[in-house]
Structures are given as C-alpha cells and as structure tokens.
>>> print(open('structure29.tsv').read())   # TSV, C-alpha atoms and all ligand atoms
chain	number	residue	atom	x	y	z
A	5	MET	CA	62.79	92.36	235.99
A	6	TRP	CA	63.70	90.33	232.92
A	7	ARG	CA	60.13	90.42	231.60
A	8	ASP	CA	60.01	94.22	231.98
A	9	LEU	CA	63.29	94.72	230.15
A	10	LEU	CA	62.84	92.23	227.30
A	11	PRO	CA	60.52	94.34	225.09
A	12	LEU	CA	62.63	97.52	225.34
A	13	GLY	CA	64.38	98.27	222.07
A	14	ARG	CA	63.75	94.84	220.58
A	15	HIS	CA	63.40	94.99	216.81
A	16	PRO	CA	60.23	93.17	215.70
A	17	ALA	CA	61.84	91.58	212.63
A	18	THR	CA	65.34	90.67	213.81
A	19	HIS	CA	64.48	90.18	217.51
A	20	GLY	CA	67.80	91.89	218.20
A	21	TYR	CA	68.18	94.83	220.59
A	22	ARG	CA	68.85	98.37	219.41
A	23	ARG	CA	69.48	100.21	222.65
A	24	PHE	CA	71.76	103.07	221.63
A	25	ALA	CA	73.09	105.79	223.90
A	26	TRP	CA	70.87	108.79	224.56
A	27	THR	CA	67.96	107.55	222.43
A	28	GLY	CA	64.37	107.17	223.62
A	29	VAL	CA	64.89	103.44	224.17
A	30	ASP	CA	68.00	104.18	226.26
A	31	GLY	CA	65.75	106.51	228.29
A	32	ASP	CA	63.27	103.66	228.78
A	33	CYS	CA	66.06	101.42	230.08
A	34	ARG	CA	67.21	104.20	232.41
A	35	ALA	CA	63.65	104.69	233.69
A	36	TRP	CA	63.54	100.96	234.40
A	37	PHE	CA	66.77	101.22	236.44
A	38	GLU	CA	65.41	104.15	238.45
A	39	GLU	CA	62.19	102.20	239.17
A	40	GLN	CA	64.21	99.20	240.39
A	41	ALA	CA	66.18	101.46	242.73
A	42	ALA	CA	62.99	103.09	244.07
A	43	ALA	CA	61.24	99.75	244.54
A	44	ARG	CA	64.09	98.70	246.86
A	45	GLY	CA	64.33	101.98	248.75
A	46	LEU	CA	67.82	102.62	247.38
A	47	ARG	CA	69.32	106.09	247.07
A	48	TYR	CA	69.29	106.92	243.36
A	49	GLU	CA	71.69	109.28	241.61
A	50	VAL	CA	72.98	110.06	238.13
A	51	ASP	CA	76.60	111.14	237.95
A	52	ARG	CA	78.02	113.92	235.80
A	53	ASN	CA	78.64	111.44	232.96
A	54	GLY	CA	75.11	110.05	232.94
A	55	ASN	CA	75.95	106.77	234.71
A	56	GLN	CA	73.16	105.66	237.04
A	57	TRP	CA	73.78	104.56	240.64
A	58	ALA	CA	71.55	102.96	243.29
A	59	TRP	CA	72.95	102.91	246.82
A	60	LEU	CA	72.29	100.89	249.93
A	61	GLY	CA	74.08	102.80	252.67
A	62	ASP	CA	76.04	106.02	252.33
A	63	PRO	CA	78.27	106.18	249.24
A	64	ALA	CA	80.33	108.93	250.89
A	65	ALA	CA	81.36	106.46	253.64
A	66	GLY	CA	84.02	105.13	251.25
A	67	ASP	CA	85.30	101.61	250.59
A	68	ALA	CA	81.96	100.75	248.97
A	69	VAL	CA	81.34	97.51	247.11
A	70	VAL	CA	79.81	98.20	243.69
A	71	THR	CA	78.31	95.83	241.15
A	72	GLY	CA	76.48	96.35	237.86
A	73	SER	CA	77.07	96.55	234.12
A	74	HIS	CA	75.32	98.31	231.22
A	75	LEU	CA	71.90	98.34	229.53
A	76	ASP	CA	72.83	99.59	226.05
A	77	SER	CA	73.45	97.20	223.15
A	78	VAL	CA	75.26	96.73	219.86
A	79	PRO	CA	73.09	96.91	216.71
A	80	ASP	CA	70.81	93.85	216.95
A	81	GLY	CA	72.47	92.68	220.14
A	82	GLY	CA	71.33	89.92	222.45
A	83	ALA	CA	69.31	90.26	225.63
A	84	PHE	CA	72.10	89.34	228.06
A	85	ASP	CA	75.23	91.36	227.23
A	86	GLY	CA	74.93	94.10	229.80
A	87	PRO	CA	71.43	93.66	231.24
A	88	LEU	CA	72.30	90.32	232.87
A	89	GLY	CA	74.83	92.13	235.09
A	90	VAL	CA	72.35	94.84	236.11
A	91	VAL	CA	69.41	92.49	236.70
A	92	SER	CA	71.66	90.10	238.64
A	93	ALA	CA	72.89	92.99	240.80
A	94	PHE	CA	69.36	93.87	241.92
A	95	ALA	CA	68.46	90.17	242.27
A	96	ALA	CA	71.59	89.52	244.36
A	97	LEU	CA	70.59	92.35	246.69
A	98	ASP	CA	67.11	90.79	247.03
A	99	GLU	CA	68.75	87.45	247.80
A	100	LEU	CA	70.96	89.02	250.48
A	101	ARG	CA	68.01	90.78	252.06
A	102	GLY	CA	66.25	87.40	252.11
A	103	ARG	CA	69.28	86.04	253.97
A	104	ASP	CA	69.07	88.94	256.46
A	105	ALA	CA	72.61	89.86	255.52
A	106	ARG	CA	74.06	92.70	257.62
A	107	PHE	CA	76.05	95.10	255.49
A	108	THR	CA	79.21	96.60	256.92
A	109	ARG	CA	80.10	98.41	253.67
A	110	SER	CA	77.87	100.49	251.40
A	111	LEU	CA	76.62	98.64	248.34
A	112	GLY	CA	76.23	100.37	244.98
A	113	ILE	CA	74.52	99.13	241.82
A	114	VAL	CA	75.55	100.89	238.63
A	115	ASN	CA	74.39	101.16	235.02
A	116	PHE	CA	77.26	102.59	232.97
A	117	GLY	CA	76.17	104.63	229.94
A	118	ASP	CA	77.14	103.82	226.36
A	119	GLU	CA	79.29	100.74	226.99
A	120	GLU	CA	79.04	99.35	223.47
A	121	GLY	CA	79.79	102.58	221.64
A	122	ALA	CA	77.30	101.53	218.97
A	123	ARG	CA	76.20	105.09	218.24
A	124	PHE	CA	79.36	107.19	218.58
A	125	GLY	CA	81.98	104.58	217.75
A	126	LEU	CA	83.85	104.62	221.07
A	127	ALA	CA	83.11	101.88	223.64
A	128	CYS	CA	82.71	102.48	227.40
A	129	VAL	CA	82.16	106.24	227.13
A	130	GLY	CA	80.50	106.52	230.58
A	131	SER	CA	83.23	104.67	232.46
A	132	ARG	CA	86.06	106.17	230.35
A	133	LEU	CA	84.92	109.71	231.19
A	134	THR	CA	84.57	108.86	234.87
A	135	ALA	CA	88.02	107.26	234.99
A	136	GLY	CA	89.60	110.19	233.16
A	137	GLN	CA	90.48	108.08	230.12
A	138	LEU	CA	88.42	110.32	227.81
A	139	THR	CA	88.38	114.09	228.09
A	140	ARG	CA	85.32	116.30	227.75
A	141	GLU	CA	86.81	117.82	224.61
A	142	GLN	CA	87.36	114.40	223.02
A	143	ALA	CA	83.84	113.30	223.97
A	144	HIS	CA	82.34	116.49	222.56
A	145	ARG	CA	83.84	115.67	219.17
A	146	LEU	CA	82.14	112.25	218.97
A	147	THR	CA	79.53	112.19	216.20
A	148	ASP	CA	76.99	109.54	215.22
A	149	GLY	CA	76.23	108.25	211.71
A	150	ASP	CA	73.58	110.96	211.22
A	151	GLY	CA	75.99	113.77	212.12
A	152	VAL	CA	74.53	114.30	215.62
A	153	THR	CA	77.28	115.10	218.12
A	154	LEU	CA	77.40	113.49	221.55
A	155	PRO	CA	76.69	116.80	223.34
A	156	ARG	CA	73.58	117.42	221.23
A	157	ALA	CA	72.40	113.84	221.83
A	158	MET	CA	72.92	114.21	225.60
A	159	GLU	CA	71.05	117.50	225.61
A	160	ALA	CA	68.15	115.99	223.68
A	161	ALA	CA	67.95	113.28	226.35
A	162	GLY	CA	67.87	115.91	229.11
A	163	TYR	CA	71.50	115.66	230.29
A	164	ASP	CA	74.12	118.40	230.58
A	165	PRO	CA	77.03	117.71	228.21
A	166	ASP	CA	79.13	120.49	229.73
A	167	ALA	CA	79.17	118.68	233.08
A	168	ILE	CA	80.92	115.56	231.78
A	169	GLY	CA	84.47	114.75	232.80
A	170	PRO	CA	86.66	112.85	235.25
A	171	ASP	CA	85.08	111.91	238.56
A	172	PRO	CA	87.94	110.85	240.85
A	173	GLU	CA	85.97	111.58	244.04
A	174	ARG	CA	83.32	109.09	242.98
A	175	LEU	CA	85.89	106.42	242.13
A	176	ALA	CA	87.70	107.03	245.42
A	177	ARG	CA	84.56	105.95	247.29
A	178	ILE	CA	84.67	102.49	245.70
A	179	GLY	CA	86.65	99.76	247.42
A	180	ALA	CA	85.78	97.01	244.94
A	181	PHE	CA	83.84	96.70	241.68
A	182	VAL	CA	82.46	93.33	240.54
A	183	GLU	CA	80.75	93.07	237.13
A	184	LEU	CA	78.73	89.96	236.28
A	185	HIS	CA	78.48	89.28	232.55
A	186	VAL	CA	77.23	86.58	230.21
A	187	GLU	CA	80.25	84.69	228.87
A	188	GLN	CA	81.05	85.62	225.27
A	189	GLY	CA	82.68	82.34	224.43
A	190	ARG	CA	82.27	78.65	225.19
A	191	ALA	CA	84.87	78.02	227.89
A	192	LEU	CA	82.27	77.39	230.61
A	193	ASP	CA	80.18	75.25	228.30
A	194	LEU	CA	83.22	73.13	227.52
A	195	SER	CA	84.34	72.86	231.15
A	196	GLY	CA	80.80	72.11	232.36
A	197	ASP	CA	80.70	75.01	234.86
A	198	ARG	CA	77.90	77.49	235.35
A	199	VAL	CA	80.02	80.40	236.57
A	200	GLY	CA	83.60	81.56	236.04
A	201	ILE	CA	85.91	84.36	237.17
A	202	ALA	CA	87.74	86.71	234.79
A	203	SER	CA	91.52	86.82	234.68
A	204	ALA	CA	92.29	89.37	231.97
A	205	ILE	CA	90.91	91.26	228.96
A	206	TRP	CA	92.83	91.24	225.70
A	207	PRO	CA	94.11	94.58	224.42
A	208	HIS	CA	91.75	95.79	221.71
A	209	GLY	CA	90.92	98.75	219.54
A	210	ARG	CA	89.00	100.18	216.60
A	211	TRP	CA	90.58	101.69	213.49
A	212	ARG	CA	88.77	103.57	210.68
A	213	PHE	CA	90.04	102.99	207.15
A	214	ASP	CA	88.97	105.61	204.56
A	215	PHE	CA	89.55	104.53	200.97
A	216	ARG	CA	88.86	107.46	198.60
A	217	GLY	CA	88.54	106.93	194.86
A	218	GLU	CA	86.40	108.45	192.17
A	219	ALA	CA	82.64	108.08	191.66
A	220	ASN	CA	81.69	107.25	188.11
A	221	HIS	CA	79.11	105.42	186.01
A	222	ALA	CA	78.99	101.65	186.62
A	223	GLY	CA	78.02	100.98	183.01
A	224	THR	CA	80.13	103.36	180.98
A	225	THR	CA	83.45	103.53	182.85
A	226	ARG	CA	86.04	101.14	181.46
A	227	LEU	CA	87.57	98.88	184.13
A	228	ALA	CA	91.00	100.26	183.29
A	229	ASP	CA	89.82	103.82	183.92
A	230	ARG	CA	88.37	103.23	187.37
A	231	ARG	CA	89.65	104.33	190.79
A	232	ASP	CA	87.40	101.99	192.73
A	233	PRO	CA	87.96	102.05	196.53
A	234	MET	CA	85.76	98.99	197.00
A	235	LEU	CA	88.46	96.81	195.47
A	236	SER	CA	91.19	97.93	197.87
A	237	TYR	CA	88.74	97.69	200.77
A	238	ALA	CA	87.82	94.10	199.82
A	239	GLU	CA	91.48	93.09	199.55
A	240	THR	CA	92.13	94.68	202.94
A	241	VAL	CA	89.36	92.62	204.56
A	242	LEU	CA	91.08	89.47	203.31
A	243	ALA	CA	94.46	90.75	204.50
A	244	ALA	CA	93.03	91.36	207.98
A	245	ARG	CA	91.83	87.80	208.18
A	246	ARG	CA	95.19	86.49	206.99
A	247	GLU	CA	97.26	88.61	209.40
A	248	ALA	CA	95.02	87.76	212.36
A	249	GLU	CA	95.37	84.06	211.62
A	250	LEU	CA	99.15	84.35	211.44
A	251	ALA	CA	99.33	86.18	214.78
A	252	GLY	CA	96.75	84.08	216.67
A	253	ALA	CA	94.71	87.27	216.99
A	254	VAL	CA	91.27	88.34	215.74
A	255	ALA	CA	90.43	91.08	213.25
A	256	THR	CA	86.99	92.05	211.99
A	257	PHE	CA	85.60	94.56	209.53
A	258	GLY	CA	82.00	94.60	210.80
A	259	LYS	CA	80.88	98.07	209.80
A	260	ILE	CA	81.16	99.82	206.46
A	261	ALA	CA	79.89	103.06	204.93
A	262	VAL	CA	79.88	103.61	201.19
A	263	GLU	CA	79.43	106.86	199.28
A	264	PRO	CA	77.43	107.56	197.25
A	265	ASN	CA	76.06	104.07	197.96
A	266	GLY	CA	74.36	103.67	194.61
A	267	VAL	CA	74.00	100.30	192.94
A	268	ASN	CA	75.01	101.72	189.55
A	269	ALA	CA	77.82	104.00	190.74
A	270	ILE	CA	81.47	103.23	191.40
A	271	PRO	CA	81.99	104.38	195.01
A	272	SER	CA	83.89	107.57	195.78
A	273	LEU	CA	84.48	106.50	199.39
A	274	VAL	CA	84.55	103.21	201.25
A	275	ARG	CA	84.94	103.62	204.98
A	276	GLY	CA	85.47	100.40	206.94
A	277	TRP	CA	86.01	99.97	210.65
A	278	LEU	CA	88.52	97.37	211.83
A	279	ASP	CA	88.10	95.85	215.29
A	280	SER	CA	91.20	93.91	216.28
A	281	ARG	CA	92.21	92.14	219.49
A	282	ALA	CA	95.05	89.90	220.61
A	283	ALA	CA	96.35	88.28	223.76
A	284	ASP	CA	99.28	90.68	223.95
A	285	GLN	CA	100.10	94.17	222.78
A	286	ASP	CA	102.94	93.18	220.42
A	287	SER	CA	100.73	90.79	218.46
A	288	LEU	CA	97.97	93.38	218.21
A	289	ASP	CA	100.40	96.09	217.06
A	290	ALA	CA	101.85	93.72	214.46
A	291	VAL	CA	98.43	92.75	213.06
A	292	VAL	CA	97.25	96.35	212.73
A	293	ALA	CA	100.56	97.53	211.24
A	294	ASP	CA	100.50	94.72	208.67
A	295	VAL	CA	96.87	95.36	207.74
A	296	GLU	CA	97.61	99.07	207.34
A	297	LYS	CA	100.63	98.32	205.16
A	298	ALA	CA	98.65	95.93	202.96
A	299	ALA	CA	95.79	98.45	202.69
A	300	GLY	CA	98.25	101.11	201.55
A	301	GLU	CA	99.62	98.83	198.84
A	302	TYR	CA	96.15	97.86	197.60
A	303	ALA	CA	95.04	101.49	197.60
A	304	ALA	CA	98.10	102.55	195.58
A	305	ALA	CA	97.49	99.75	193.08
A	306	HIS	CA	93.99	101.07	192.41
A	307	GLY	CA	94.81	104.79	192.42
A	308	VAL	CA	92.93	105.20	195.68
A	309	ASP	CA	93.88	107.41	198.67
A	310	LEU	CA	93.98	105.82	202.11
A	311	ALA	CA	93.71	107.40	205.57
A	312	VAL	CA	93.70	105.32	208.76
A	313	VAL	CA	92.58	106.72	212.11
A	314	ARG	CA	92.69	104.88	215.44
A	315	GLU	CA	89.32	105.66	217.02
A	316	SER	CA	89.77	103.82	220.30
A	317	PHE	CA	92.19	101.65	222.15
A	318	THR	CA	92.12	99.69	225.42
A	319	PRO	CA	95.39	98.18	226.67
A	320	VAL	CA	95.54	94.74	228.25
A	321	VAL	CA	93.68	94.49	231.55
A	322	GLU	CA	94.87	92.12	234.25
A	323	PHE	CA	92.19	92.05	236.94
A	324	ASP	CA	93.24	92.63	240.56
A	325	HIS	CA	94.79	89.36	241.74
A	326	ALA	CA	93.85	89.76	245.40
A	327	LEU	CA	90.19	90.41	244.59
A	328	ARG	CA	90.14	87.60	242.04
A	329	ASP	CA	91.58	85.17	244.61
A	330	GLU	CA	89.05	86.44	247.18
A	331	LEU	CA	86.20	85.69	244.76
A	332	ALA	CA	87.58	82.21	244.10
A	333	ARG	CA	87.88	81.62	247.84
A	334	ILE	CA	84.31	82.84	248.57
A	335	LEU	CA	82.79	80.82	245.74
A	336	GLY	CA	84.95	77.77	246.41
A	337	THR	CA	84.06	77.80	250.10
A	338	ASP	CA	80.33	78.04	249.49
A	339	THR	CA	80.04	75.59	246.65
A	340	GLY	CA	83.02	73.35	247.21
A	341	LEU	CA	83.72	73.78	243.52
A	342	THR	CA	86.72	75.11	241.67
A	343	VAL	CA	85.52	78.10	239.69
A	344	PRO	CA	87.36	78.42	236.37
A	345	VAL	CA	89.39	81.55	235.78
A	346	LEU	CA	89.01	82.77	232.18
A	347	GLY	CA	90.51	85.43	229.93
A	348	THR	CA	88.30	87.24	227.43
A	349	GLY	CA	88.55	89.13	224.18
A	350	ALA	CA	85.54	91.32	225.04
A	351	GLY	CA	85.82	94.80	226.51
A	352	HIS	CA	83.97	95.84	229.67
A	353	ASP	CA	83.50	98.84	231.95
A	354	ALA	CA	85.22	96.68	234.58
A	355	GLY	CA	88.33	96.83	232.40
A	356	ILE	CA	88.21	100.62	232.24
A	357	LEU	CA	87.71	100.90	236.00
A	358	SER	CA	90.48	98.44	236.78
A	359	GLY	CA	93.06	101.22	236.48
A	360	SER	CA	91.46	103.09	239.37
A	361	VAL	CA	89.65	100.51	241.52
A	362	PRO	CA	90.22	96.83	242.48
A	363	THR	CA	87.96	95.14	239.97
A	364	ALA	CA	86.75	91.62	239.22
A	365	MET	CA	84.28	89.91	236.90
A	366	LEU	CA	82.02	86.88	237.05
A	367	PHE	CA	80.97	85.11	233.86
A	368	VAL	CA	77.75	83.11	233.42
A	369	ARG	CA	77.73	80.17	231.01
A	370	ASN	CA	76.52	80.84	227.48
A	371	PRO	CA	75.67	77.48	225.85
A	372	THR	CA	76.62	78.49	222.32
A	373	GLY	CA	79.13	81.21	223.11
A	374	VAL	CA	77.30	83.49	220.65
A	375	SER	CA	77.22	87.15	221.67
A	376	HIS	CA	76.54	90.54	220.04
A	377	SER	CA	73.72	88.72	218.25
A	378	PRO	CA	70.06	87.94	218.99
A	379	ALA	CA	71.15	84.28	219.38
A	380	GLU	CA	73.04	85.11	222.59
A	381	SER	CA	71.64	82.98	225.42
A	382	ALA	CA	71.93	81.67	228.96
A	383	THR	CA	69.60	79.23	230.69
A	384	GLU	CA	67.43	80.38	233.58
A	385	ASP	CA	69.19	77.90	235.90
A	386	ASP	CA	72.58	79.33	234.98
A	387	CYS	CA	71.36	82.90	235.43
A	388	VAL	CA	70.10	81.96	238.90
A	389	ALA	CA	73.47	80.34	239.65
A	390	GLY	CA	75.08	83.63	238.59
A	391	VAL	CA	72.83	85.64	240.92
A	392	LEU	CA	73.63	83.32	243.83
A	393	ALA	CA	77.36	83.50	243.09
A	394	LEU	CA	77.18	87.30	242.93
A	395	ALA	CA	75.19	87.34	246.19
A	396	ASP	CA	77.85	85.15	247.84
A	397	VAL	CA	80.58	87.45	246.59
A	398	LEU	CA	78.81	90.61	247.75
A	399	GLU	CA	78.07	89.00	251.11
A	400	GLY	CA	81.70	87.98	251.48
A	401	LEU	CA	82.95	91.45	250.56
A	402	ALA	CA	80.32	93.78	252.06
A	403	CYS	CA	78.97	91.87	255.08
A	404	ARG	CA	82.19	90.87	256.84
A	501	LIG	O1	84.02	94.17	223.59
A	501	LIG	C1	83.35	95.09	223.08
A	501	LIG	O2	83.27	95.26	221.90
A	501	LIG	C2	82.56	96.02	223.96
A	501	LIG	O3	83.37	96.77	224.75
A	501	LIG	N1	81.62	95.31	224.75
A	502	MN	MN	79.17	93.79	224.36
A	503	MN	MN	78.82	93.96	227.93
>>> encode(input="structure29.tsv", output="structure tokens")
Amino acid sequence: MWRDLLPLGRHPATHGYRRFAWTGVDGDCRAWFEEQAAARGLRYEVDRNGNQWAWLGDPAAGDAVVTGSHLDSVPDGGAFDGPLGVVSAFAALDELRGRDARFTRSLGIVNFGDEEGARFGLACVGSRLTAGQLTREQAHRLTDGDGVTLPRAMEAAGYDPDAIGPDPERLARIGAFVELHVEQGRALDLSGDRVGIASAIWPHGRWRFDFRGEANHAGTTRLADRRDPMLSYAETVLAARREAELAGAVATFGKIAVEPNGVNAIPSLVRGWLDSRAADQDSLDAVVADVEKAAGEYAAAHGVDLAVVRESFTPVVEFDHALRDELARILGTDTGLTVPVLGTGAGHDAGILSGSVPTAMLFVRNPTGVSHSPAESATEDDCVAGVLALADVLEGLACR
C-alpha cells in the first residue's frame, strides 16, 4: 500500500507532497482508497461531502467502530501525515482477518476530504461539513488562490457541490472513531515509546491580515513618501513571535500574498495568514488580540489600512475519557506497557468529530518530530507497531 501511494503527488524537486483537495492527484489518492476497499471485499461509499468509506458489516446496524484519517497534504507535506492513518486502518483489518477475529460491530474505514485546507484555507472541510460545523453556504464561498470556488472545484472532480451539508444520520451510526496519526512532535521519541494515546488538541485558528498601502516605483519614491504595507507586515510577524513567547503559545505567519508582487514596485497589498494555537482559549485569545493591536499600530504608523478576518477556528478538544481509558487498558493488557497519553497542537478530523462521536487517537513515534515537511518520518518498525496497536484496539472494541 505504501509503495503504491508514495509516488502520488510527490514533487520531483522538493520530494514533498502536493495533494490538494479536488485536484487530479486527490482523485488518484481516492482511486487508491476505492481499490483498497474493493481488494478486501468491503462495501464502498462516498458520502454527500465527498468523504470515502469502506465498510465491513452493515453501517446501518449502528454503533459501528470507525478508523481512518486523510490522504490530502499541506504544500510540500510529508508522506505520513494523513496516509499513515488510512494505510494502518486497512493493514489493521488485514491483521485482524489473519487472527480470525470475529466482529460483533461493523467496522468502517474512512478517508476524510480536505483535512489540511491547503487549497481553500479552511482545515477539515469534509469532517466539518459532516458534523454540521460548516454550512453549505459557508463552504460554497471558499475560494482557492486562483479564484476557483469550492463548488466549481468539486464539480470539476465529478462531485455534486449542492449535496454537501450536515450528515447526522451517518454520524449517529458511529459508536467510536479512532484515528491513528504520525506524532507531530518528539514526545514519544523522548519517552522511548513507539505508540501513544491522545489526550487533547489545543484550540487553534487561522486569521488573515490584509495590509493595504500604495503601489509605487521602488527607485523614484522617496522613503518618506511611501505607504509600504510590507513594513507593517514585517513588524507584525515579529510581534506575533514575541506575543506567542510571552503566552507560552505558538504563532506562525507561514503564507503570504503580495500585490503586485514586483521586485521593483512598493507593494499595494500584503496579505499574511496567521496560524496561532495555545493550550487554553484565554491564552490564544490574548495572543491574537495583542498581535491584532500591534498590527493596527504598525499599519497606522506607515499610513497603511489593516483588515483582519478570522478564517477558521477550532476550540479545545478533550478526547472522550472513557474511550481513551479503554484504549490504554487494551494496549496495556496486550503489551504490558504503559502507553503515554499526549496532548497535541495539531488539528485532526478526530477533533472535529469529537463533538458528535466518542473519539480517540493513537500517535506513532516520529524520530525528529518534524511534520508538514518532506522530512517527516517514522521507522517501518514503529509503523508496524502502530498497525498492531490499532488492530488490538479495533479487536477490543469491535470483536467483544
Ligand atoms: O493542524 C493542522 O494544521 C491541520 O488541521 N492538520
Ligand atoms: Mn497535517
Ligand atoms: Mn493529519
């Protein structure tokens, strides 16, 4: 499975993955998922929001156990963030069949669409729509960097954008959702464990800062006469770093658009996207408010107009304690080990679903902690340990 997936959407120069929602490469990943379902005789379906499902047993029976993750990526992402959870889901099913496990609950494997939000700016679009945390009207307004709207992109990929929306009946069929994911930090590396269990996801969001000044000639415009939005943007980046440090939070300007984007022109517009996360809501609110205030002061000092828009927000997620304890019990019983319980600053579909369904996550050790980069990694032995842990969990939950 891994060999089949690895070439899809991999950039030849950067070796990073560019698997963006509703593109041809996304279609290739989806075709791969459908093939994996067919190869195992699973019932395959695509829901109204374009999420893919593969079922062992009848999904309508209710109280199903579901596992899976996503196949899309950030720009130049690594191989593991997302795909490891989907590959491990199919591999765990193979393992359980090898054990002659007898299922007493239906088992679903899912690939959620557009988890990273790399193309349209909003993360977890597939699971947000399904959980009713994003309306059809809001989704229809999402637009990519080339001006293509989400509905047009869905149509081009052969999906019906008018069908999207909340899917409570589907969620009501799920008794538990477990997402396996590569760890996006070094906690397991430092503790010397292959596999961990998630406790919580930090609250996080994305804010767009538009600094508007005046385009003019880079050679002939006196410094004193300029309204240069790049200056206030640059000062804001430094303020974000400072405020995040003070609050024990994180803040990142990782994406920027400049108009007219000419080397010899003072910009008319600098648009920067802030991603900020913190352990608690108050700290996050304080960081973003302070960055906004600083940005306003810098903009005023340079004669620049500022507009700030919150493009997405996910409140703190505390995973279901009973399910988390059940996972720890299953894994502890089988391995005799204590499995570390870890918080994370990364967002996941599991976090979105946790408002509707008892949800848990397993993390697989990442030796460097690097993620959202081609350098993201996990050893084969650790990936196998992850598959076996997931198989144990699914057996414990679905084969009682
Ligand atoms: O955490 C993120 O940025 C994304 O939801 N994976
Ligand atoms: Mn990610
Ligand atoms: Mn992910």
>>> residues_around(input="structure29.tsv", residues="Arg190 of chain A", least_positions_apart="6", cutoff="8 Å", atoms="all atoms listed in the file", output="ChimeraX atom specification")
/A:369-373
>>> residues_near_ligand(input="structure29.tsv", ligand="ligand LIG 501 (chain A)", cutoff="7 Å", atoms="only C-alpha atoms and all ligand atoms", output="list in words")
Glu119, Glu120, Ala127, Cys128, Gly349, Ala350, Gly351 and His352 of chain A
>>> write_last_selection(input="structure29.tsv", atoms="C-alpha atoms", output="compact mmCIF listing (two decimals), keeping the file's coordinate frame")
# COMPACT_ATOMS: atom_id res chain seq x y z
CA GLU A 119 79.29 100.74 226.99
CA GLU A 120 79.04 99.35 223.47
CA ALA A 127 83.11 101.88 223.64
CA CYS A 128 82.71 102.48 227.40
CA GLY A 349 88.55 89.13 224.18
CA ALA A 350 85.54 91.32 225.04
CA GLY A 351 85.82 94.80 226.51
CA HIS A 352 83.97 95.84 229.67
>>> residues_around(input="structure29.tsv", residues="segment 392-397 of chain A", least_positions_apart="3", cutoff="8 Å", atoms="all atoms listed in the file", output="NGL selection string")
:A and (92-93 or 96-97 or 99-100 or 184 or 199 or 331 or 334-335 or 338 or 366 or 388-389 or 400-401)
>>> residues_around(input="structure29.tsv", residues="Asp150 of chain A", least_positions_apart="6", cutoff="12 Å", atoms="all atoms listed in the file", output="PyMOL selection string")
chain A and resi 123-124+156-157+261
>>> residues_near_ligand(input="structure29.tsv", ligand="ligand MN 503 (chain A)", cutoff="10 Å", atoms="all atoms listed in the file", output="short mmCIF file (atom, residue, chain, number, x, y, z; two decimals) with C-alpha atoms, keeping the file's coordinate frame")
data_model
loop_
_atom_site.label_atom_id
_atom_site.label_comp_id
_atom_site.auth_asym_id
_atom_site.auth_seq_id
_atom_site.Cartn_x
_atom_site.Cartn_y
_atom_site.Cartn_z
CA SER A 73 77.07 96.55 234.12
CA HIS A 74 75.32 98.31 231.22
CA LEU A 75 71.90 98.34 229.53
CA ASP A 76 72.83 99.59 226.05
CA SER A 77 73.45 97.20 223.15
CA VAL A 78 75.26 96.73 219.86
CA PHE A 84 72.10 89.34 228.06
CA ASP A 85 75.23 91.36 227.23
CA GLY A 86 74.93 94.10 229.80
CA PRO A 87 71.43 93.66 231.24
CA LEU A 88 72.30 90.32 232.87
CA GLY A 89 74.83 92.13 235.09
CA GLU A 119 79.29 100.74 226.99
CA GLU A 120 79.04 99.35 223.47
CA ALA A 127 83.11 101.88 223.64
CA CYS A 128 82.71 102.48 227.40
CA GLU A 183 80.75 93.07 237.13
CA LEU A 184 78.73 89.96 236.28
CA HIS A 185 78.48 89.28 232.55
CA VAL A 186 77.23 86.58 230.21
CA GLU A 187 80.25 84.69 228.87
CA GLN A 188 81.05 85.62 225.27
CA ALA A 350 85.54 91.32 225.04
CA GLY A 351 85.82 94.80 226.51
CA HIS A 352 83.97 95.84 229.67
CA ASP A 353 83.50 98.84 231.95
CA ALA A 354 85.22 96.68 234.58
CA SER A 375 77.22 87.15 221.67
CA HIS A 376 76.54 90.54 220.04
#
>>> residues_around(input="structure29.tsv", residues="Thr147 of chain A", least_positions_apart="5", cutoff="12 Å", atoms="all atoms listed in the file", output="list in words")
Ala25, Gly121, Ala122, Arg123, Phe124, Gly125, Leu126, Gln142, Val152, Thr153, Leu154, Pro155, Arg156, Ala157, Met158 and Glu315 of chain A
>>> closest_residue(input="structure29.tsv", among="A:Gly217, A:Gly45, A:Pro319, A:Gly169", to="Arg230 of chain A", atoms="only C-alpha atoms")
A:Gly217
>>> closest_residue(input="structure29.tsv", among="A:Ser360, A:Gln137, A:Thr18, A:Thr256", to="Val241 of chain A", atoms="only C-alpha atoms")
A:Thr256
>>> residues_around(input="structure29.tsv", residues="Lys259 of chain A", least_positions_apart="5", cutoff="9 Å", atoms="only C-alpha atoms", output="ChimeraX atom specification")
/A:275-278
>>> closest_residue(input="structure29.tsv", among="A:Glu49, A:Glu380, A:Asp62, A:Asp98", to="ligand MN 502 (chain A)", atoms="only C-alpha atoms and all ligand atoms")
A:Glu380
>>> atom_distance(input="structure29.tsv", atom1="atom CA of Ala228 of chain A", atom2="atom CA of Phe213 of chain A")
24.0 Å
>>> closest_residue(input="structure29.tsv", among="A:Ile205, A:Val70, A:Ile356, A:Val343", to="Leu192 of chain A", atoms="only C-alpha atoms")
A:Val343
>>> atom_distance(input="structure29.tsv", atom1="atom CA of Trp211 of chain A", atom2="atom CA of Val308 of chain A")
18.3 Å
>>> closest_residue(input="structure29.tsv", among="A:Asp386, A:Asp118, A:Glu301, A:Trp26", to="ligand MN 502 (chain A)", atoms="all atoms listed in the file")
A:Asp118
>>> atom_distance(input="structure29.tsv", atom1="atom CA of Glu173 of chain A", atom2="atom CA of Asn53 of chain A")
13.3 Å
>>> closest_residue(input="structure29.tsv", among="A:Leu133, A:Ala83, A:Ala364, A:Cys387", to="ligand MN 502 (chain A)", atoms="all atoms listed in the file")
A:Ala83
>>> build_atoms(input="structure29.tsv", residues="segment 195-201 of chain A", atoms="N, CA, C and O atoms", output="short mmCIF file (atom, residue, chain, number, x, y, z; two decimals), in the frame of the given file")
data_model
loop_
_atom_site.label_atom_id
_atom_site.label_comp_id
_atom_site.auth_asym_id
_atom_site.auth_seq_id
_atom_site.Cartn_x
_atom_site.Cartn_y
_atom_site.Cartn_z
N SER A 195 83.85 73.39 229.87
CA SER A 195 84.34 72.86 231.15
C SER A 195 83.19 72.33 232.01
O SER A 195 83.43 71.68 233.03
N GLY A 196 81.95 72.61 231.61
CA GLY A 196 80.80 72.11 232.36
C GLY A 196 80.53 72.90 233.64
O GLY A 196 79.95 72.39 234.60
N ASP A 197 80.93 74.17 233.68
CA ASP A 197 80.70 75.01 234.86
C ASP A 197 79.67 76.09 234.53
O ASP A 197 79.60 76.58 233.42
N ARG A 198 78.91 76.46 235.56
CA ARG A 198 77.90 77.49 235.35
C ARG A 198 78.49 78.89 235.41
O ARG A 198 78.04 79.80 234.74
N VAL A 199 79.50 79.05 236.28
CA VAL A 199 80.02 80.40 236.57
C VAL A 199 81.55 80.37 236.55
O VAL A 199 82.16 79.39 236.99
N GLY A 200 82.15 81.43 236.05
CA GLY A 200 83.60 81.56 236.04
C GLY A 200 84.03 82.94 236.54
O GLY A 200 83.19 83.84 236.73
N ILE A 201 85.33 83.10 236.72
CA ILE A 201 85.91 84.36 237.17
C ILE A 201 86.87 84.85 236.09
O ILE A 201 87.58 84.06 235.49
#
